[in-house]
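See below for entry.cif, which holds mmCIF, C-alpha atoms and all ligand atoms.
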```
data_structure
#
loop_
_atom_site.label_atom_id
_atom_site.label_comp_id
_atom_site.auth_asym_id
_atom_site.auth_seq_id
_atom_site.Cartn_x
_atom_site.Cartn_y
_atom_site.Cartn_z
CA MET A 1 0.00 0.00 0.00
CA VAL A 2 2.86 2.34 0.85
CA LYS A 3 5.12 3.72 -1.86
CA GLU A 4 8.79 4.55 -1.26
CA MET A 5 8.95 8.10 -0.07
CA SER A 6 11.42 10.26 1.66
CA ILE A 7 10.55 10.45 5.31
CA SER A 8 12.32 12.42 7.96
CA GLU A 9 14.46 10.43 10.37
CA SER A 10 12.55 11.45 13.49
CA ILE A 11 9.17 10.48 12.01
CA LYS A 12 10.62 7.21 10.79
CA ASN A 13 12.06 6.47 14.23
CA LEU A 14 8.79 7.25 15.98
CA ILE A 15 6.72 5.02 13.69
CA GLY A 16 9.41 2.30 13.93
CA LYS A 17 9.34 2.48 17.73
CA ALA A 18 5.55 2.11 17.75
CA GLN A 19 5.66 -0.74 15.24
CA ASP A 20 8.20 -2.61 17.35
CA GLY A 21 5.88 -2.45 20.36
CA HIS A 22 7.78 -0.01 22.56
CA ASP A 23 5.63 2.07 24.90
CA LEU A 24 4.94 5.58 23.60
CA SER A 25 4.71 8.57 25.93
CA ARG A 26 1.72 10.92 25.72
CA LYS A 27 3.94 13.40 23.89
CA GLU A 28 4.97 10.77 21.35
CA ILE A 29 1.36 9.75 20.77
CA VAL A 30 0.48 13.40 20.14
CA GLN A 31 3.38 13.54 17.65
CA LEU A 32 2.18 10.38 15.93
CA LEU A 33 -1.30 11.86 15.53
CA SER A 34 0.12 15.16 14.27
CA ILE A 35 2.56 13.93 11.61
CA PRO A 36 1.78 15.65 8.26
CA ALA A 37 -0.98 13.90 6.34
CA LYS A 38 1.31 12.84 3.50
CA TYR A 39 2.87 10.33 5.93
CA SER A 40 -0.44 8.75 6.91
CA PRO A 41 0.12 5.76 4.59
CA VAL A 42 3.33 4.98 6.49
CA ILE A 43 1.48 4.90 9.82
CA PHE A 44 -1.33 2.81 8.32
CA ASP A 45 1.17 0.40 6.84
CA ALA A 46 2.94 -0.03 10.19
CA ALA A 47 -0.41 -0.72 11.91
CA ASP A 48 -1.39 -3.14 9.14
CA LYS A 49 1.82 -5.12 9.70
CA VAL A 50 1.17 -5.31 13.46
CA ARG A 51 -2.42 -6.40 12.77
CA LYS A 52 -1.17 -9.15 10.49
CA GLU A 53 1.48 -10.32 12.93
CA GLN A 54 -0.80 -10.24 16.01
CA MET A 55 -4.22 -11.15 14.62
CA GLY A 56 -3.62 -12.70 11.18
CA ASP A 57 -5.41 -11.96 7.92
CA GLU A 58 -8.86 -13.07 8.95
CA ILE A 59 -11.71 -10.63 9.47
CA PHE A 60 -13.94 -11.62 12.36
CA LEU A 61 -17.67 -11.04 12.14
CA ARG A 62 -20.08 -9.95 14.86
CA GLY A 63 -23.79 -9.84 14.03
CA ILE A 64 -25.37 -6.81 15.67
CA ILE A 65 -29.01 -6.42 16.77
CA GLU A 66 -30.10 -2.93 17.81
CA PHE A 67 -33.09 -3.94 19.88
CA SER A 68 -34.33 -0.65 21.38
CA ASN A 69 -33.98 3.06 20.62
CA HIS A 70 -35.73 4.36 23.75
CA CYS A 71 -33.12 6.21 25.77
CA ASP A 72 -33.13 7.54 29.33
CA ARG A 73 -30.10 9.72 28.55
CA ASN A 74 -29.57 12.93 26.69
CA CYS A 75 -26.08 12.74 25.15
CA LEU A 76 -25.64 15.87 23.05
CA TYR A 77 -24.17 13.97 20.09
CA CYS A 78 -26.70 11.16 19.70
CA GLY A 79 -29.89 10.99 17.66
CA LEU A 80 -31.42 8.55 20.17
CA ARG A 81 -31.26 11.10 23.02
CA LYS A 82 -34.38 11.35 25.16
CA ASP A 83 -35.25 14.89 24.03
CA ASN A 84 -35.29 14.03 20.34
CA THR A 85 -39.05 14.03 19.93
CA LYS A 86 -38.82 13.57 16.16
CA LEU A 87 -37.56 10.01 16.48
CA SER A 88 -40.04 7.16 16.08
CA ARG A 89 -39.25 4.85 19.00
CA TYR A 90 -39.33 1.04 19.05
CA ARG A 91 -38.57 -1.90 21.28
CA MET A 92 -38.09 -5.36 19.85
CA THR A 93 -39.96 -8.10 21.69
CA GLU A 94 -38.06 -10.99 23.22
CA ASP A 95 -39.32 -13.31 20.51
CA GLU A 96 -38.22 -10.90 17.76
CA ILE A 97 -34.75 -10.70 19.29
CA ILE A 98 -34.50 -14.49 19.58
CA ALA A 99 -35.73 -14.94 15.99
CA THR A 100 -33.00 -12.53 14.83
CA THR A 101 -30.32 -14.47 16.72
CA HIS A 102 -31.47 -17.54 14.79
CA GLU A 103 -30.91 -15.58 11.55
CA ILE A 104 -27.38 -14.79 12.69
CA LYS A 105 -26.75 -18.43 13.56
CA LYS A 106 -28.08 -19.50 10.14
CA SER A 107 -25.70 -17.09 8.40
CA GLY A 108 -22.77 -18.85 10.07
CA VAL A 109 -21.75 -15.86 12.21
CA SER A 110 -20.98 -17.11 15.73
CA THR A 111 -21.21 -13.92 17.79
CA VAL A 112 -24.16 -11.64 18.47
CA VAL A 113 -23.88 -8.08 19.75
CA LEU A 114 -27.05 -7.02 21.55
CA GLN A 115 -27.02 -3.24 21.50
CA SER A 116 -29.54 -0.67 22.67
CA SER A 117 -29.87 2.80 23.97
CA GLU A 118 -29.92 3.01 27.77
CA ASP A 119 -33.43 1.68 28.21
CA SER A 120 -34.45 0.87 31.80
CA PHE A 121 -37.49 -0.95 30.41
CA TYR A 122 -35.21 -3.97 30.00
CA LYS A 123 -34.62 -4.93 33.63
CA ALA A 124 -31.77 -7.27 34.51
CA ASP A 125 -34.20 -10.23 34.70
CA THR A 126 -35.38 -9.63 31.14
CA VAL A 127 -31.84 -9.32 29.81
CA CYS A 128 -30.78 -12.49 31.67
CA ARG A 129 -33.75 -14.42 30.29
CA LEU A 130 -32.74 -13.33 26.80
CA ILE A 131 -29.11 -14.31 27.35
CA LYS A 132 -30.09 -17.76 28.59
CA ARG A 133 -32.45 -18.36 25.68
CA ILE A 134 -29.84 -17.25 23.15
CA ARG A 135 -27.20 -19.51 24.67
CA LYS A 136 -29.59 -22.45 24.87
CA GLU A 137 -31.16 -22.07 21.44
CA THR A 138 -28.20 -20.86 19.37
CA ASP A 139 -25.02 -21.17 21.47
CA LEU A 140 -23.90 -17.83 20.03
CA ILE A 141 -21.21 -15.91 21.90
CA ILE A 142 -22.97 -12.87 23.39
CA THR A 143 -21.69 -9.31 23.53
CA LEU A 144 -23.84 -6.78 25.37
CA SER A 145 -23.71 -3.06 24.63
CA ILE A 146 -26.52 -1.61 26.71
CA GLY A 147 -24.76 1.08 28.68
CA GLU A 148 -24.08 1.71 32.34
CA ARG A 149 -25.64 -0.67 34.87
CA ASP A 150 -24.84 -1.50 38.47
CA LEU A 151 -22.44 -4.22 39.57
CA ASN A 152 -25.25 -6.65 40.42
CA ASP A 153 -26.69 -6.37 36.92
CA TYR A 154 -23.29 -7.02 35.35
CA LYS A 155 -22.81 -10.04 37.65
CA ALA A 156 -26.23 -11.37 36.69
CA PHE A 157 -25.50 -10.93 32.94
CA GLN A 158 -22.23 -12.76 33.35
CA GLN A 159 -23.80 -15.63 35.29
CA ALA A 160 -26.57 -15.90 32.70
CA GLY A 161 -23.93 -16.50 30.02
CA ALA A 162 -22.93 -13.17 28.44
CA ASN A 163 -19.30 -13.18 27.40
CA ARG A 164 -18.41 -9.69 26.26
CA TYR A 165 -19.43 -6.12 27.00
CA LEU A 166 -18.85 -3.00 24.93
CA LEU A 167 -18.97 0.33 26.76
CA LYS A 168 -17.07 3.09 25.02
CA HIS A 169 -15.51 5.66 27.36
CA GLU A 170 -16.35 8.12 24.49
CA THR A 171 -13.76 10.73 25.45
CA ALA A 172 -10.93 10.86 27.96
CA SER A 173 -11.58 14.54 28.66
CA LEU A 174 -13.60 14.83 31.86
CA ASP A 175 -14.81 18.32 30.90
CA LEU A 176 -15.89 17.24 27.44
CA TYR A 177 -17.56 14.13 28.86
CA LYS A 178 -19.52 16.21 31.39
CA TYR A 179 -20.63 18.63 28.67
CA LEU A 180 -21.56 15.96 26.12
CA ARG A 181 -23.30 13.56 28.51
CA PRO A 182 -25.42 15.69 30.87
CA GLY A 183 -25.99 14.04 34.23
CA CYS A 184 -23.33 11.39 33.57
CA ASN A 185 -20.06 10.94 35.32
CA TRP A 186 -16.78 9.82 33.76
CA ASP A 187 -15.63 8.10 36.97
CA ASN A 188 -18.78 6.02 36.96
CA ARG A 189 -18.15 5.00 33.34
CA LEU A 190 -14.62 3.93 34.27
CA GLN A 191 -15.89 2.09 37.34
CA CYS A 192 -18.29 0.14 35.11
CA LEU A 193 -15.40 -0.77 32.79
CA ARG A 194 -13.28 -1.95 35.74
CA TRP A 195 -16.16 -4.07 37.09
CA LEU A 196 -16.66 -5.65 33.69
CA LYS A 197 -12.98 -6.49 33.45
CA GLU A 198 -12.90 -7.89 36.99
CA LEU A 199 -15.95 -10.05 36.32
CA GLY A 200 -14.09 -11.61 33.39
CA PHE A 201 -16.03 -10.05 30.53
CA GLU A 202 -14.04 -9.59 27.37
CA THR A 203 -14.35 -5.83 27.59
CA GLY A 204 -14.54 -3.21 24.88
CA THR A 205 -14.11 0.50 25.15
CA GLY A 206 -13.48 3.25 22.61
CA ASN A 207 -14.06 6.82 21.58
CA MET A 208 -15.43 9.14 18.95
CA VAL A 209 -13.05 11.17 16.79
CA GLY A 210 -13.89 14.73 15.76
CA LEU A 211 -15.99 15.78 18.75
CA PRO A 212 -16.31 19.54 19.19
CA GLY A 213 -13.56 20.80 21.51
CA GLN A 214 -11.48 17.63 21.12
CA THR A 215 -7.73 18.18 20.85
CA THR A 216 -4.91 15.88 19.76
CA GLU A 217 -3.88 15.69 23.44
CA ILE A 218 -7.36 14.41 24.34
CA LEU A 219 -7.10 11.80 21.59
CA ALA A 220 -3.72 10.73 22.99
CA ASP A 221 -5.39 10.35 26.41
CA ASP A 222 -8.13 8.24 24.78
CA LEU A 223 -5.44 5.89 23.49
CA LEU A 224 -3.78 5.76 26.92
CA VAL A 225 -7.14 4.90 28.52
CA MET A 226 -7.57 2.04 26.04
CA LYS A 227 -4.09 0.80 26.95
CA PHE A 228 -4.36 1.09 30.74
CA LEU A 229 -7.77 -0.59 30.81
CA ASP A 230 -6.20 -3.48 28.92
CA ALA A 231 -9.31 -3.48 26.73
CA ASP A 232 -9.95 -6.50 24.51
CA MET A 233 -11.98 -4.66 21.91
CA LEU A 234 -11.89 -1.04 20.72
CA GLY A 235 -14.73 0.80 19.02
CA ILE A 236 -13.25 3.88 17.35
CA GLY A 237 -15.46 5.87 15.01
CA PRO A 238 -15.91 9.36 13.65
CA PHE A 239 -18.43 11.68 15.29
CA ILE A 240 -21.16 12.46 12.75
CA ALA A 241 -23.47 15.37 13.60
CA HIS A 242 -27.19 14.66 13.74
CA SER A 243 -29.55 17.47 12.75
CA ASP A 244 -32.00 16.75 15.60
CA THR A 245 -29.41 17.15 18.35
CA PRO A 246 -27.78 20.19 19.99
CA LEU A 247 -24.62 19.45 17.96
CA ALA A 248 -26.44 19.83 14.62
CA GLY A 249 -24.37 21.31 11.83
CA ILE A 250 -20.93 20.64 13.31
CA ASP A 251 -18.66 19.56 10.52
CA ASN A 252 -16.68 16.38 10.75
CA ASP A 253 -15.31 14.57 7.82
CA ASP A 254 -11.88 13.81 9.16
CA LEU A 255 -11.49 10.35 7.75
CA ASP A 256 -7.71 10.55 7.92
CA LEU A 257 -7.66 11.43 11.62
CA THR A 258 -10.10 8.63 12.46
CA LEU A 259 -7.96 6.12 10.55
CA ARG A 260 -4.91 7.46 12.29
CA VAL A 261 -6.46 6.91 15.73
CA ILE A 262 -7.36 3.34 14.67
CA ALA A 263 -3.79 2.78 13.48
CA ALA A 264 -2.34 4.26 16.67
CA ALA A 265 -4.68 2.03 18.72
CA ARG A 266 -3.38 -1.03 16.88
CA LEU A 267 0.24 0.03 17.38
CA ILE A 268 -0.27 0.79 21.08
CA THR A 269 -2.59 -2.07 22.13
CA ARG A 270 -1.24 -4.75 19.74
CA ASP A 271 -3.66 -7.70 19.96
CA THR A 272 -7.08 -6.08 20.47
CA ASN A 273 -10.12 -6.67 18.28
CA ILE A 274 -10.79 -3.45 16.39
CA PRO A 275 -13.94 -3.12 14.26
CA ALA A 276 -14.04 -1.20 11.00
CA THR A 277 -17.15 0.71 12.07
CA THR A 278 -20.33 1.50 10.17
CA ALA A 279 -19.72 5.17 11.06
CA LEU A 280 -16.55 5.05 8.94
CA ALA A 281 -18.43 3.46 6.07
CA THR A 282 -20.95 6.29 6.42
CA LEU A 283 -18.23 8.92 6.21
CA HIS A 284 -16.66 7.44 3.06
CA PRO A 285 -17.73 4.62 0.71
CA LYS A 286 -14.36 2.94 1.25
CA GLY A 287 -14.06 3.91 4.93
CA ARG A 288 -14.45 0.36 6.19
CA LEU A 289 -11.91 -1.01 3.74
CA TYR A 290 -9.41 1.72 4.63
CA ALA A 291 -9.83 0.89 8.33
CA LEU A 292 -9.15 -2.79 7.61
CA GLN A 293 -5.87 -1.68 6.03
CA ALA A 294 -4.99 0.57 8.96
CA GLY A 295 -5.20 -1.91 11.83
CA ALA A 296 -8.85 -3.03 12.06
CA ASN A 297 -9.77 -6.74 11.98
CA VAL A 298 -13.50 -6.97 12.78
CA VAL A 299 -16.72 -6.15 10.90
CA MET A 300 -20.16 -6.01 12.48
CA PRO A 301 -22.95 -6.69 9.95
CA ASP A 302 -26.27 -5.29 11.11
CA PHE A 303 -29.00 -7.94 11.49
CA THR A 304 -31.60 -5.58 12.99
CA PRO A 305 -34.91 -6.29 11.17
CA GLU A 306 -35.61 -3.86 8.31
CA ILE A 307 -38.68 -2.37 10.03
CA TYR A 308 -36.50 -1.09 12.88
CA LYS A 309 -33.12 -0.50 11.26
CA ASN A 310 -33.73 3.06 10.01
CA ARG A 311 -35.10 4.08 13.39
CA TYR A 312 -31.80 3.31 15.18
CA ASP A 313 -30.86 6.76 14.01
CA ILE A 314 -27.71 7.54 16.01
CA TYR A 315 -26.31 9.69 13.21
CA PRO A 316 -27.61 10.46 9.71
CA GLY A 317 -26.86 8.59 6.50
CA ARG A 318 -26.01 5.29 8.18
CA LYS A 319 -24.57 2.88 5.70
CA ASP A 320 -25.71 -0.73 5.65
CA VAL A 321 -29.34 -0.54 4.79
CA GLY A 322 -30.32 -3.80 3.18
CA SER A 323 -30.07 -7.28 4.63
CA ALA A 324 -26.93 -8.23 6.55
CA LEU A 325 -26.43 -11.20 4.24
CA GLU A 326 -26.53 -9.04 1.11
CA ILE A 327 -24.10 -6.64 2.70
CA LEU A 328 -21.82 -9.48 3.72
CA ARG A 329 -21.72 -10.80 0.18
CA GLU A 330 -20.72 -7.36 -1.11
CA LEU A 331 -18.10 -6.98 1.59
CA GLU A 332 -16.65 -10.41 0.91
CA ASN A 333 -15.44 -9.30 -2.53
CA ASP A 334 -13.89 -6.18 -1.05
CA PHE A 335 -12.11 -8.21 1.63
CA TYR A 336 -10.64 -10.66 -0.86
CA SER A 337 -9.42 -7.74 -2.99
CA ILE A 338 -7.14 -6.70 -0.12
CA GLY A 339 -5.94 -10.24 0.59
CA ARG A 340 -8.17 -10.90 3.57
CA THR A 341 -10.56 -13.72 4.38
CA ILE A 342 -13.64 -13.91 6.55
CA ASN A 343 -13.65 -15.96 9.73
CA TYR A 344 -17.15 -16.67 10.98
CA SER A 345 -15.98 -18.23 14.23
CA VAL A 346 -15.54 -16.72 17.66
CA GLY A 347 -12.12 -15.15 17.17
CA ASN A 348 -10.92 -13.84 20.48
CA ARG A 349 -8.14 -14.06 22.96
CA HIS A 350 -9.83 -15.31 26.09
CA ILE A 351 -13.26 -16.79 25.60
CA LYS A 352 -13.91 -20.40 26.34
CA ARG A 353 -17.35 -21.63 25.39
CA LYS A 354 -19.20 -22.42 28.61
N1 LIG B 1 -26.43 3.39 24.79
C1 LIG B 1 -25.20 2.68 24.82
C2 LIG B 1 -24.07 3.61 25.15
O1 LIG B 1 -24.23 4.81 25.05
O2 LIG B 1 -23.01 3.08 25.54
C3 LIG B 1 -24.91 1.95 23.52
C4 LIG B 1 -25.56 2.49 22.28
S1 LIG B 1 -24.85 3.97 21.67
C5 LIG B 1 -25.97 4.44 20.41
C6 LIG B 1 -23.48 3.31 20.73
C7 LIG B 1 -22.42 4.27 20.37
O3 LIG B 1 -22.89 5.17 19.41
C8 LIG B 1 -21.87 5.17 21.45
O4 LIG B 1 -20.90 4.49 22.20
C9 LIG B 1 -21.32 6.36 20.68
O5 LIG B 1 -19.90 6.30 20.58
C10 LIG B 1 -21.92 6.18 19.29
N2 LIG B 1 -22.55 7.42 18.81
C11 LIG B 1 -23.59 8.07 19.33
N3 LIG B 1 -23.84 9.21 18.63
C12 LIG B 1 -22.93 9.27 17.63
C13 LIG B 1 -22.68 10.19 16.58
N4 LIG B 1 -23.42 11.28 16.42
N5 LIG B 1 -21.65 9.94 15.73
C14 LIG B 1 -20.91 8.82 15.88
N6 LIG B 1 -21.10 7.90 16.86
C15 LIG B 1 -22.10 8.12 17.73
FE1 LIG B 2 -28.49 7.03 24.78
FE2 LIG B 2 -26.15 5.79 24.21
FE3 LIG B 2 -27.22 7.68 22.58
FE4 LIG B 2 -26.24 8.41 24.93
S1 LIG B 2 -25.07 7.47 23.21
S2 LIG B 2 -28.20 9.09 24.05
S3 LIG B 2 -26.77 6.65 26.19
S4 LIG B 2 -28.04 5.69 23.03
#
```

Before we go any further, please render this structure as structure tokens.
Amino acid sequence: MVKEMSISESIKNLIGKAQDGHDLSRKEIVQLLSIPAKYSPVIFDAADKVRKEQMGDEIFLRGIIEFSNHCDRNCLYCGLRKDNTKLSRYRMTEDEIIATTHEIKKSGVSTVVLQSSEDSFYKADTVCRLIKRIRKETDLIITLSIGERDLNDYKAFQQAGANRYLLKHETASLDLYKYLRPGCNWDNRLQCLRWLKELGFETGTGNMVGLPGQTTEILADDLLVMKFLDADMLGIGPFIAHSDTPLAGIDNDDLDLTLRVIAAARLITRDTNIPATTALATLHPKGRLYALQAGANVVMPDFTPEIYKNRYDIYPGRKDVGSALEILRELENDFYSIGRTINYSVGNRHIKRK
């Protein structure tokens, strides 16, 4: 991917140091994120090599079901926020969710991600009943992404058979976090992530790139948070402004910076699972493919039933309308074109099937 080019010694040394797995200081991470754009392919290439060496050439699939868009929270960036009265709300029934997990199983994908807004309608008992049914009827590996809960809920989910949990820290800036997530507390988010880790969940965190007020230093702190939490999975995507939120109209099309944060995450955390997110595909038709060549190794096809899919309106213009299987078929050709294959199996570092 990378052509021979003249590259200054100090930049070369910094990228080489990261590629070889040496720890980078905050200052060095800031430098890595600030290198002139013409050197981006060199950073992406280094991250791609580390991805290949640590994770291989296979792309792991996670089938996602977005089962509710009712939210108790009011995050300034998100189209699902409670105060967005324009959104048509839905909740999938338990039977609809189970039927969709059967679709995922039939497609050969072995992991389901159950995601929702923070919806207190789904009490711990309901979520546990779902987890048990999914494990019994499909034996899929289960990732939950349903926001902040208390320790007892997380324990119950784990005992019921959930294996993974995705809870992005969103931003490492406490001030930005407080502004963007009214009524929420960064320490609480971190406490949740620590609990999840301690309980033995394969734990995912991550951030958004391009938030208003975000600096390169804050992005470096995001990467340090990912490292110190020893996260297993990292969701890194561009912020995309939604017209029915207080952040309407804010421009963000920084594909290069988002790819650079993904690449830096691969260089710094080495063997994590990093999805090429739908948000990237939304930003650019080849966004997902670029991410897969800059350190990412996971794709999450959306199995949410068509009647609900458009209403999970986090940000506008979401890519991936159409059935997950159709999308997968299209993606398959793209993956092969860059020398990669699809692995439908579990693909993780720690999980043993219970
Ligand atoms: N409610 C759960 C939570 O907040 O953790 C999970 C669902 S939430 C919709 C999933 C992710 O969407 C968040 O972690 C956030 O990073 C992302 N998101 C929300 N609004 C976004 C936007 N405008 N642009 C890009 N990503 C966004
Ligand atoms: Fe709700 Fe999550 Fe959106 Fe915040 S990011 S409004 S918690 S769905």

Hey, can I get the axis-aligned box for ligand LIG 1 (chain B)? All listed atoms, 6 Å padding on each side, centre and edge lengths in Å to one decimal, as AutoDock Vina command-line options.
```
--center_x -23.2 --center_y 6.6 --center_z 20.6 --size_x 18.5 --size_y 21.3 --size_z 21.8
```

With distances taken over all atoms listed in the file, the candidate from A:Pro238, A:Gly339, A:Pro41, A:Gly200 nearest ligand LIG 1 (chain B) is A:Pro238

Around ligand LIG 1 (chain B), which protein and nucleic acid residues have at least one atom no more than 6 Å from it, if we count only C-alpha atoms and all ligand atoms? List them as a ChimeraX atom specification.
/A:77-78,115-118,145-147,167-168,170,207-208,238-242,314-315

I need the residue nearest ligand LIG 2 (chain B) from this list: A:Glu53, A:Glu66, A:Glu326, A:Asp175. Use all atoms listed in the file for the distance.
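Smallest distance to ligand LIG 2 (chain B) is found for A:Glu66.
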
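Nearest to ligand LIG 2 (chain B) of all the residues A:Thr100, A:Ser10, A:Gln19, A:Ser120 is A:Ser120, based on only C-alpha atoms and all ligand atoms.
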
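Near A:Leu267, within 10 Å and counting all atoms listed in the file, sit Ile15, Lys17, Ala18, Gln19, Asp20, Gly21, His22, Asp23, Leu24, Ile43, Phe44, Ala46, Ala47, Asp48, Lys49, Val50, Arg51, Val261, Ala294 and Gly295 of chain A, not including residues fewer than 6 positions from it in the same chain.
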
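With only C-alpha atoms as the atoms that count, the residue of A:Asn297, A:Thr101, A:Gln214, A:Asn13 with the shortest distance to A:Glu28 is A:Asn13.
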
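With distances restricted to all atoms listed in the file, A:Thr245 is the closest residue to ligand LIG 2 (chain B) from A:Asn188, A:Thr245, A:Gln159, A:Thr126.
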
Check the smallest atom-to-atom distance from each of A:Cys184, A:Leu283, A:Ala162, A:Leu257 to ligand LIG 2 (chain B) using all atoms listed in the file, then report the winner.
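Going through A:Cys184, A:Leu283, A:Ala162, A:Leu257 one by one, the smallest distance to ligand LIG 2 (chain B) is for A:Cys184.
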
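We find atom CA of A:Arg164 and atom CA of A:Ile141 to be spaced 8.1 Å apart.
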
Atom CA of A:Arg260 to atom CA of A:Val109: how many Å, to one decimal?
28.8 Å

Quote the spacing between atom CA of A:Thr277 and atom CA of A:Leu331 in Å to one decimal place.
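Between atom CA of A:Thr277 and atom CA of A:Leu331 the gap works out to 13.0 Å.
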
List the spatial neighbours of A:Thr93 as a PyMOL selection string - criterion: any atom at most 12 Å away, all atoms listed in the file, same-chain residues fewer than 4 positions off excluded.
chain A and resi 66-68+97-100+121-122+126-127+130+305+308

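Excluding A:Asp153 and any residue on its chain fewer than 6 positions from it, the residues at most 9 Å away by only C-alpha atoms are Lys123, Ala124 and Asp125 of chain A.
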
So that I can see what lies close to A:Thr216, please list as number ranges by chain the residues with an atom at most 7 Å from it, counting all atoms listed in the file and leaving out residues fewer than 3 positions away in the same chain.
A: 30, 33, 219-220

Who sits within 7 Å of A:Asn69, all atoms listed in the file, same chain under 3 positions skipped, as a list in words:
Leu80, Arg89, Tyr90, Arg91, Ser116, Ser117 and Tyr312 of chain A
